[in-house]
$ cat model_3.pdb   # PDB, C-alpha atoms
ATOM      1  CA  ARG M   1     146.153 137.852 187.216
ATOM      2  CA  GLY M   2     149.319 138.340 189.250
ATOM      3  CA  CYS M   3     147.302 138.632 192.463
ATOM      4  CA  ASN M   4     145.263 135.540 191.585
ATOM      5  CA  ARG M   5     148.424 133.575 190.844
ATOM      6  CA  GLN M   6     149.977 134.574 194.149
ATOM      7  CA  LEU M   7     146.769 133.663 195.975
ATOM      8  CA  LEU M   8     146.671 130.233 194.331
ATOM      9  CA  LEU M   9     150.305 129.620 195.188
ATOM     10  CA  ALA M  10     149.684 130.659 198.782
ATOM     11  CA  LEU M  11     146.707 128.321 199.042
ATOM     12  CA  ALA M  12     148.687 125.507 197.429
ATOM     13  CA  GLU M  13     151.525 125.897 199.897
ATOM     14  CA  ARG M  14     149.050 125.461 202.751
ATOM     15  CA  SER M  15     147.438 122.350 201.271
ATOM     16  CA  THR M  16     147.825 119.234 203.407
ATOM     17  CA  GLU M  17     145.693 116.828 201.328
ATOM     18  CA  LEU M  18     145.415 116.093 197.618
ATOM     19  CA  ARG M  19     143.180 113.717 195.677
ATOM     20  CA  VAL M  20     144.354 112.737 192.191
ATOM     21  CA  ALA M  21     141.439 111.685 189.974
ATOM     22  CA  PRO M  22     141.895 108.422 188.021
ATOM     23  CA  GLU M  23     140.839 110.189 184.804
ATOM     24  CA  CYS M  24     143.185 113.132 185.362
ATOM     25  CA  PRO M  25     145.320 113.669 182.217
ATOM     26  CA  GLY M  26     148.191 114.731 184.447
ATOM     27  CA  VAL M  27     148.723 111.150 185.589
ATOM     28  CA  LYS M  28     149.391 109.669 182.151
ATOM     29  CA  GLU M  29     152.762 107.962 182.028
ATOM     30  CA  GLU M  30     154.334 110.586 179.753
ATOM     31  CA  ALA M  31     153.136 113.458 181.988
ATOM     32  CA  TRP M  32     154.184 112.251 185.429
ATOM     33  CA  HIS M  33     156.876 114.899 185.632
ATOM     34  CA  GLN M  34     154.179 117.594 185.539
ATOM     35  CA  LEU M  35     152.458 116.108 188.561
ATOM     36  CA  VAL M  36     155.798 115.755 190.331
ATOM     37  CA  LEU M  37     156.541 119.435 189.739
ATOM     38  CA  LEU M  38     153.137 120.333 191.175
ATOM     39  CA  LEU M  39     153.712 118.234 194.269
ATOM     40  CA  LYS M  40     157.124 119.757 194.867
ATOM     41  CA  ALA M  41     155.287 123.076 195.246
ATOM     42  CA  LEU M  42     153.207 121.619 198.106
ATOM     43  CA  PRO M  43     155.665 121.377 200.995
ATOM     44  CA  ASN M  44     152.928 120.896 203.579
ATOM     45  CA  LEU M  45     151.197 118.007 201.826
ATOM     46  CA  ARG M  46     150.697 115.154 204.288
ATOM     47  CA  HIS M  47     148.026 112.993 202.592
ATOM     48  CA  LEU M  48     148.041 111.901 198.945
ATOM     49  CA  ASP M  49     145.014 110.017 197.641
ATOM     50  CA  LEU M  50     145.775 107.991 194.506
ATOM     51  CA  ARG M  51     142.775 105.633 194.608
ATOM     52  CA  GLY M  52     142.206 103.992 191.239
ATOM     53  CA  VAL M  53     145.105 105.774 189.540
ATOM     54  CA  GLY M  54     147.038 103.609 187.078
ATOM     55  CA  ILE M  55     150.392 104.456 188.616
ATOM     56  CA  SER M  56     153.492 102.378 187.912
ATOM     57  CA  ALA M  57     156.368 101.607 190.272
ATOM     58  CA  GLN M  58     158.494 104.225 188.524
ATOM     59  CA  GLY M  59     155.736 106.818 188.831
ATOM     60  CA  LEU M  60     155.264 106.160 192.542
ATOM     61  CA  THR M  61     159.015 106.343 193.110
ATOM     62  CA  GLU M  62     159.038 109.825 191.577
ATOM     63  CA  LEU M  63     156.137 110.910 193.775
ATOM     64  CA  ARG M  64     157.842 109.581 196.903
ATOM     65  CA  ARG M  65     160.958 111.572 196.089
ATOM     66  CA  ALA M  66     158.858 114.690 195.520
ATOM     67  CA  LEU M  67     157.002 114.234 198.824
ATOM     68  CA  PRO M  68     159.477 112.977 201.433
ATOM     69  CA  ARG M  69     157.346 114.430 204.261
ATOM     70  CA  CYS M  70     154.025 112.953 203.106
ATOM     71  CA  LYS M  71     152.865 110.605 205.871
ATOM     72  CA  SER M  72     149.638 109.160 204.439
ATOM     73  CA  TRP M  73     149.297 107.443 201.067
ATOM     74  CA  ASP M  74     146.087 105.921 199.700
ATOM     75  CA  LEU M  75     147.015 103.367 197.036
ATOM     76  CA  ARG M  76     143.789 101.361 196.960
ATOM     77  CA  PHE M  77     142.824 100.054 193.514
ATOM     78  CA  CYS M  78     146.150 101.155 191.978
ATOM     79  CA  TRP M  79     146.009  98.241 189.583
ATOM     80  CA  ARG M  80     149.320  98.865 187.769
ATOM     81  CA  LEU M  81     151.423  98.962 190.933
ATOM     82  CA  PRO M  82     153.394  95.700 191.246
ATOM     83  CA  TRP M  83     152.839  93.990 194.582
ATOM     84  CA  GLN M  84     156.545  93.195 194.930
ATOM     85  CA  TYR M  85     157.325  96.928 194.863
ATOM     86  CA  LEU M  86     154.501  97.824 197.242
ATOM     87  CA  GLU M  87     155.376  95.032 199.664
ATOM     88  CA  SER M  88     158.953  96.288 199.835
ATOM     89  CA  TRP M  89     157.759  99.806 200.684
ATOM     90  CA  LEU M  90     155.379  98.460 203.335
ATOM     91  CA  CYS M  91     158.299  96.683 204.993
ATOM     92  CA  GLU M  92     160.283  99.941 204.979
ATOM     93  CA  ALA M  93     157.352 101.775 206.578
ATOM     94  CA  ARG M  94     157.026  99.399 209.530
ATOM     95  CA  GLY M  95     157.793 101.101 212.802
ATOM     96  CA  THR M  96     157.381 104.571 211.290
ATOM     97  CA  ASP M  97     154.468 107.024 211.307
ATOM     98  CA  ARG M  98     153.839 106.517 207.582
ATOM     99  CA  GLN M  99     150.405 105.094 206.748
ATOM    100  CA  ILE M 100     149.857 103.265 203.455
ATOM    101  CA  SER M 101     146.390 102.066 202.440
ATOM    102  CA  HIS M 102     146.248  99.426 199.705
ATOM    103  CA  SER M 103     143.870  96.985 198.023
ATOM    104  CA  LEU M 104     144.619  93.997 200.248
ATOM    105  CA  LEU M 105     143.144  95.875 203.212
ATOM    106  CA  VAL M 106     139.807  96.503 201.483
ATOM    107  CA  THR M 107     136.719  94.671 202.777
ATOM    108  CA  PRO M 108     133.202  94.369 201.297
ATOM    109  CA  SER M 109     131.275  97.599 201.724
ATOM    110  CA  PRO M 110     128.276  99.286 200.089
ATOM    111  CA  ASP M 111     130.624 102.209 199.440
ATOM    112  CA  LEU M 112     132.631 100.188 196.913
ATOM    113  CA  THR M 113     131.762 100.314 193.229
ATOM    114  CA  PRO M 114     131.596  97.096 191.162
ATOM    115  CA  LEU M 115     134.839  98.096 189.442
ATOM    116  CA  GLN M 116     136.595  98.539 192.781
ATOM    117  CA  VAL M 117     135.482  95.067 193.879
ATOM    118  CA  VAL M 118     136.925  93.523 190.719
ATOM    119  CA  LEU M 119     140.156  95.499 191.066
ATOM    120  CA  ALA M 120     140.503  94.379 194.694
ATOM    121  CA  GLN M 121     140.023  90.717 193.757
ATOM    122  CA  ALA M 122     142.303  90.807 190.731
ATOM    123  CA  TYR M 123     145.028  92.631 192.659
ATOM    124  CA  ALA M 124     144.700  90.086 195.467
ATOM    125  CA  LEU M 125     145.346  87.260 193.007
ATOM    126  CA  HIS M 126     148.276  89.185 191.505
ATOM    127  CA  SER M 127     149.629  89.388 195.075
ATOM    128  CA  GLY M 128     149.044  85.686 195.765
ATOM    129  CA  ARG M 129     146.296  86.414 198.315
ATOM    130  CA  ILE M 130     143.468  84.011 197.534
ATOM    131  CA  ASP M 131     141.888  84.766 200.918
ATOM    132  CA  VAL M 132     141.309  88.409 199.946
ATOM    133  CA  CYS M 133     139.726  87.309 196.672
ATOM    134  CA  PHE M 134     137.402  84.914 198.540
ATOM    135  CA  ARG M 135     136.410  87.790 200.834
ATOM    136  CA  PHE M 136     134.383  89.368 198.002
ATOM    137  CA  ALA M 137     132.576  86.226 196.825
ATOM    138  CA  SER M 138     128.796  86.388 197.107
ATOM    139  CA  PRO M 139     127.045  84.202 199.710
ATOM    140  CA  LEU M 140     125.868  81.818 196.978
ATOM    141  CA  ASN M 141     129.347  81.693 195.464
ATOM    142  CA  LYS M 142     130.842  80.854 198.873
ATOM    143  CA  LEU M 143     128.207  78.179 199.396
ATOM    144  CA  MET M 144     129.109  76.554 196.078
ATOM    145  CA  THR M 145     132.913  76.931 196.213
ATOM    146  CA  GLY M 146     133.647  77.151 199.943
ATOM    147  CA  PRO M 147     134.929  76.749 202.456
ATOM    148  CA  TYR M 148     138.086  78.715 201.789
ATOM    149  CA  GLU M 149     140.323  75.645 201.702
ATOM    150  CA  ARG M 150     138.216  74.203 198.908
ATOM    151  CA  PHE M 151     138.027  77.506 197.048
ATOM    152  CA  SER M 152     141.830  77.844 197.084
ATOM    153  CA  ARG M 153     142.144  74.578 195.134
ATOM    154  CA  LEU M 154     140.577  76.295 192.138
ATOM    155  CA  PHE M 155     143.975  77.882 191.537
ATOM    156  CA  ASP M 156     146.039  74.703 191.623
ATOM    157  CA  PRO M 157     147.681  73.768 188.287
ATOM    158  CA  PRO M 158     146.664  72.671 185.743
ATOM    159  CA  SER M 159     143.461  74.652 186.376
ATOM    160  CA  ARG M 160     142.854  77.516 183.955
ATOM    161  CA  TYR M 161     142.534  79.755 187.022
ATOM    162  CA  SER M 162     146.091  79.002 188.152
ATOM    163  CA  MET M 163     147.613  81.663 185.891
ATOM    164  CA  MET M 164     145.764  84.370 187.878
ATOM    165  CA  LEU M 165     147.818  83.642 190.972
ATOM    166  CA  GLY M 166     151.001  85.724 191.006
ATOM    167  CA  CYS M 167     150.274  87.090 187.534
ATOM    168  CA  ASP M 168     152.562  89.751 186.043
ATOM    169  CA  ARG M 169     149.705  92.146 185.332
ATOM    170  CA  PHE M 170     146.000  92.359 184.583
ATOM    171  CA  GLN M 171     143.512  94.627 182.844
ATOM    172  CA  VAL M 172     139.839  95.242 183.641
ATOM    173  CA  GLU M 173     137.193  96.362 181.148
ATOM    174  CA  GLU M 174     133.485  96.733 181.860
ATOM    175  CA  GLU M 175     131.106  94.814 179.618
ATOM    176  CA  LYS M 176     128.894  97.150 177.588
ATOM    177  CA  GLY M 177     125.180  96.463 177.681
ATOM    178  CA  PRO M 178     121.831  97.612 179.076
ATOM    179  CA  GLU M 179     122.253  99.323 182.436
ATOM    180  CA  GLN M 180     121.283  97.097 185.355
ATOM    181  CA  HIS M 181     121.074  98.413 188.876
ATOM    182  CA  PHE M 182     121.828  95.099 190.558
ATOM    183  CA  ARG M 183     124.182  93.331 188.139
ATOM    184  CA  ARG M 184     127.495  94.189 186.473
ATOM    185  CA  SER M 185     129.903  92.280 184.246
ATOM    186  CA  PHE M 186     133.581  92.861 183.487
ATOM    187  CA  VAL M 187     136.211  91.236 181.295
ATOM    188  CA  VAL M 188     139.482  90.752 183.168
ATOM    189  CA  THR M 189     142.610  89.664 181.304
ATOM    190  CA  PHE M 190     145.620  88.260 183.162
ATOM    191  CA  TRP M 191     149.159  87.913 181.843
ATOM    192  CA  ASN M 192     151.573  85.464 183.444
ATOM    193  CA  SER M 193     155.019  84.846 181.958
ATOM    194  CA  SER M 194     155.555  81.803 184.188
ATOM    195  CA  SER M 195     152.528  79.932 182.830
ATOM    196  CA  SER M 196     152.768  77.276 180.135
ATOM    197  CA  PRO M 197     154.036  78.362 176.688
ATOM    198  CA  ARG M 198     150.640  77.411 175.312
ATOM    199  CA  SER M 199     148.901  80.261 177.080
ATOM    200  CA  LYS M 200     150.537  83.400 178.485
ATOM    201  CA  SER M 201     147.250  85.280 178.841
ATOM    202  CA  GLN M 202     143.662  84.444 179.658
ATOM    203  CA  SER M 203     140.477  86.507 179.817
ATOM    204  CA  TYR M 204     137.609  85.894 182.231
ATOM    205  CA  LEU M 205     134.063  87.150 182.507
ATOM    206  CA  TRP M 206     133.573  88.564 186.017
ATOM    207  CA  GLN M 207     129.908  88.717 187.075
ATOM    208  CA  LEU M 208     128.781  90.683 190.125
ATOM    209  CA  SER M 209     125.507  91.476 191.827
ATOM    210  CA  ARG M 210     124.082  92.999 194.969
ATOM    211  CA  SER M 211     120.980  91.958 196.838
ATOM    212  CA  GLN M 212     117.741  93.684 195.848
ATOM    213  CA  MET M 213     116.216  92.730 199.196
ATOM    214  CA  GLU M 214     118.925  94.082 201.488
ATOM    215  CA  GLU M 215     119.250  97.862 201.681
ATOM    216  CA  GLY M 216     122.854  98.992 201.403
ATOM    217  CA  ALA M 217     124.068  95.566 200.295
ATOM    218  CA  PRO M 218     127.650  95.487 198.950
ATOM    219  CA  TRP M 219     128.611  94.347 195.473
ATOM    220  CA  CYS M 220     129.874  90.738 195.445
ATOM    221  CA  THR M 221     131.163  88.362 192.796
ATOM    222  CA  ASP M 222     128.807  85.577 191.700
ATOM    223  CA  SER M 223     131.020  83.843 189.142
ATOM    224  CA  VAL M 224     134.210  84.102 187.116
ATOM    225  CA  VAL M 225     134.073  82.363 183.744
ATOM    226  CA  PRO M 226     137.083  81.716 181.508
ATOM    227  CA  ILE M 227     135.775  83.177 178.290
ATOM    228  CA  ASP M 228     136.835  80.238 176.136
ATOM    229  CA  MET M 229     135.569  77.470 178.419
ATOM    230  CA  ASP M 230     132.318  76.534 180.125
ATOM    231  CA  SER M 231     133.367  75.842 183.708
ATOM    232  CA  PHE M 232     133.288  78.597 186.309
ATOM    233  CA  TRP M 233     133.678  79.267 190.028
ATOM    234  CA  ASP M 234     130.856  77.006 191.139
ATOM    235  CA  GLY M 235     133.122  74.232 192.347
ATOM    236  CA  SER M 236     131.668  71.757 189.869
ATOM    237  CA  PHE M 237     135.061  70.369 188.859
ATOM    238  CA  LEU M 238     136.452  70.065 192.365
ATOM    239  CA  GLU M 239     136.789  66.621 193.839
ATOM    240  CA  GLU M 240     134.399  65.971 196.695
TER     241      GLU M 240
END
$ encode --input "model_3.pdb" --output "structure tokens"
Amino acid sequence: RGCNRQLLLALAERSTELRVAPECPGVKEEAWHQLVLLLKALPNLRHLDLRGVGISAQGLTELRRALPRCKSWDLRFCWRLPWQYLESWLCEARGTDRQISHSLLVTPSPDLTPLQVVLAQAYALHSGRIDVCFRFASPLNKLMTGPYERFSRLFDPPSRYSMMLGCDRFQVEEEKGPEQHFRRSFVVTFWNSSSSPRSKSQSYLWQLSRSQMEEGAPWCTDSVVPIDMDSFWDGSFLEE
């Protein structure tokens, strides 16, 4: 056992890349210190992949302190990470050799899962980036709600979609139902403390699909429906 332990430690010290799984119990909020201790034992780590991990600003701060020499960080789909915090770090990293990947840089790709598409869109709205959200709309959705200038008006007050923009946080849950290879649905709830006192949160049904005719087609969003109202992202209530 002693030899095995020494071998593992030796291998760990040589590690330059690490991928943290989103389901990993070591990344729960109350156990971040365990992950930090592990990372402190990896002095040669240069790339940390946190894709899809529900990391908070405090958690990421602890990881940054533990890995001052880490040059590459993958923070795509880190849905709990406040954009204000991330934007500040991106500004600090300008002009340095540190590379930070994040959700606003993601583009439609057949490699993305439906959940990742929803996370990218929701995080874009949290960050105030309507253009990134529009990037993942399906061709039919863009035909009905576009061009972009028209689509952006969906988020003007008093629209029920306005609370998405600059929201405090959001949560994504997949709708349970019969498995469909070309369609997926999610319930996304947004919280926004700056919205009207009447409604501080709102849930939406997010519906996605991918073309059955096009091989390797990416997942795209067809519609987003406020769960307690009938209108949706088809542009029907926009002025012509």
$ atom_distance --input "model_3.pdb" --atom1 "atom CA of M:Val117" --atom2 "atom CA of M:Ser72"
22.6 Å
$ resolve_selection --input "model_3.pdb" --expression "the PyMOL selection byres ((chain M and resi 140) around 10)" --output "count of residues only"
14
$ closest_residue --input "model_3.pdb" --among "M:Phe134, M:Tyr161, M:Trp219, M:Tyr123" --to "M:Pro108" --atoms "only C-alpha atoms"
M:Trp219
$ atom_distance --input "model_3.pdb" --atom1 "atom CA of M:Ser209" --atom2 "atom CA of M:Gly177"
15.0 Å
$ atom_distance --input "model_3.pdb" --atom1 "atom CA of M:Val225" --atom2 "atom CA of M:Gln84"
27.3 Å
$ resolve_selection --input "model_3.pdb" --expression "the PyMOL selection byres ((chain M and resi 74) around 7)" --output "PyMOL selection string"
chain M and resi 48-51+72-73+75-76+100-102
$ closest_residue --input "model_3.pdb" --among "M:Pro114, M:Gly95, M:Gly54, M:Gly59" --to "M:Leu208" --atoms "all atoms listed in the file"
M:Pro114
$ decode --input "model_3.pdb" --residues "stretch 59-108 of chain M" --atoms "C-alpha atoms" --output "PDB file, in the first residue's frame"
ATOM      1  CA  GLY M  59     -15.443  28.238  -4.652  1.00  0.00           C
ATOM      2  CA  LEU M  60     -13.605  29.512  -7.723  1.00  0.00           C
ATOM      3  CA  THR M  61     -11.686  32.015  -5.607  1.00  0.00           C
ATOM      4  CA  GLU M  62     -10.426  29.155  -3.438  1.00  0.00           C
ATOM      5  CA  LEU M  63      -9.377  27.172  -6.503  1.00  0.00           C
ATOM      6  CA  ARG M  64      -7.532  30.159  -7.962  1.00  0.00           C
ATOM      7  CA  ARG M  65      -5.590  30.575  -4.739  1.00  0.00           C
ATOM      8  CA  ALA M  66      -4.739  26.869  -4.734  1.00  0.00           C
ATOM      9  CA  LEU M  67      -3.565  26.973  -8.365  1.00  0.00           C
ATOM     10  CA  PRO M  68      -1.722  30.256  -8.941  1.00  0.00           C
ATOM     11  CA  ARG M  69       0.273  28.715 -11.821  1.00  0.00           C
ATOM     12  CA  CYS M  70      -2.709  27.211 -13.661  1.00  0.00           C
ATOM     13  CA  LYS M  71      -2.855  28.916 -17.063  1.00  0.00           C
ATOM     14  CA  SER M  72      -5.964  27.367 -18.641  1.00  0.00           C
ATOM     15  CA  TRP M  73      -9.428  27.307 -17.084  1.00  0.00           C
ATOM     16  CA  ASP M  74     -12.538  25.842 -18.718  1.00  0.00           C
ATOM     17  CA  LEU M  75     -15.598  27.408 -17.085  1.00  0.00           C
ATOM     18  CA  ARG M  76     -18.178  26.659 -19.772  1.00  0.00           C
ATOM     19  CA  PHE M  77     -21.663  25.884 -18.442  1.00  0.00           C
ATOM     20  CA  CYS M  78     -20.694  26.835 -14.866  1.00  0.00           C
ATOM     21  CA  TRP M  79     -24.217  28.030 -14.229  1.00  0.00           C
ATOM     22  CA  ARG M  80     -23.747  29.216 -10.621  1.00  0.00           C
ATOM     23  CA  LEU M  81     -20.801  31.488 -11.396  1.00  0.00           C
ATOM     24  CA  PRO M  82     -21.963  35.130 -11.354  1.00  0.00           C
ATOM     25  CA  TRP M  83     -21.088  36.963 -14.553  1.00  0.00           C
ATOM     26  CA  GLN M  84     -19.964  40.047 -12.624  1.00  0.00           C
ATOM     27  CA  TYR M  85     -17.288  37.955 -10.890  1.00  0.00           C
ATOM     28  CA  LEU M  86     -16.214  36.208 -14.089  1.00  0.00           C
ATOM     29  CA  GLU M  87     -16.099  39.449 -16.066  1.00  0.00           C
ATOM     30  CA  SER M  88     -13.810  40.975 -13.452  1.00  0.00           C
ATOM     31  CA  TRP M  89     -11.421  38.017 -13.705  1.00  0.00           C
ATOM     32  CA  LEU M  90     -11.455  38.194 -17.510  1.00  0.00           C
ATOM     33  CA  CYS M  91     -10.406  41.841 -17.305  1.00  0.00           C
ATOM     34  CA  GLU M  92      -7.545  40.882 -14.973  1.00  0.00           C
ATOM     35  CA  ALA M  93      -6.416  38.179 -17.408  1.00  0.00           C
ATOM     36  CA  ARG M  94      -6.139  40.506 -20.403  1.00  0.00           C
ATOM     37  CA  GLY M  95      -2.587  40.825 -21.618  1.00  0.00           C
ATOM     38  CA  THR M  96      -1.486  37.696 -19.750  1.00  0.00           C
ATOM     39  CA  ASP M  97      -0.990  34.095 -20.889  1.00  0.00           C
ATOM     40  CA  ARG M  98      -4.012  32.902 -18.896  1.00  0.00           C
ATOM     41  CA  GLN M  99      -6.792  31.384 -21.013  1.00  0.00           C
ATOM     42  CA  ILE M 100     -10.356  31.290 -19.681  1.00  0.00           C
ATOM     43  CA  SER M 101     -13.121  29.541 -21.624  1.00  0.00           C
ATOM     44  CA  HIS M 102     -16.691  30.442 -20.668  1.00  0.00           C
ATOM     45  CA  SER M 103     -20.288  30.063 -21.833  1.00  0.00           C
ATOM     46  CA  LEU M 104     -20.479  33.297 -23.819  1.00  0.00           C
ATOM     47  CA  LEU M 105     -17.868  31.932 -26.230  1.00  0.00           C
ATOM     48  CA  VAL M 106     -19.869  28.787 -27.020  1.00  0.00           C
ATOM     49  CA  THR M 107     -21.381  28.425 -30.506  1.00  0.00           C
ATOM     50  CA  PRO M 108     -23.889  25.881 -31.879  1.00  0.00           C
TER      51      PRO M 108
END
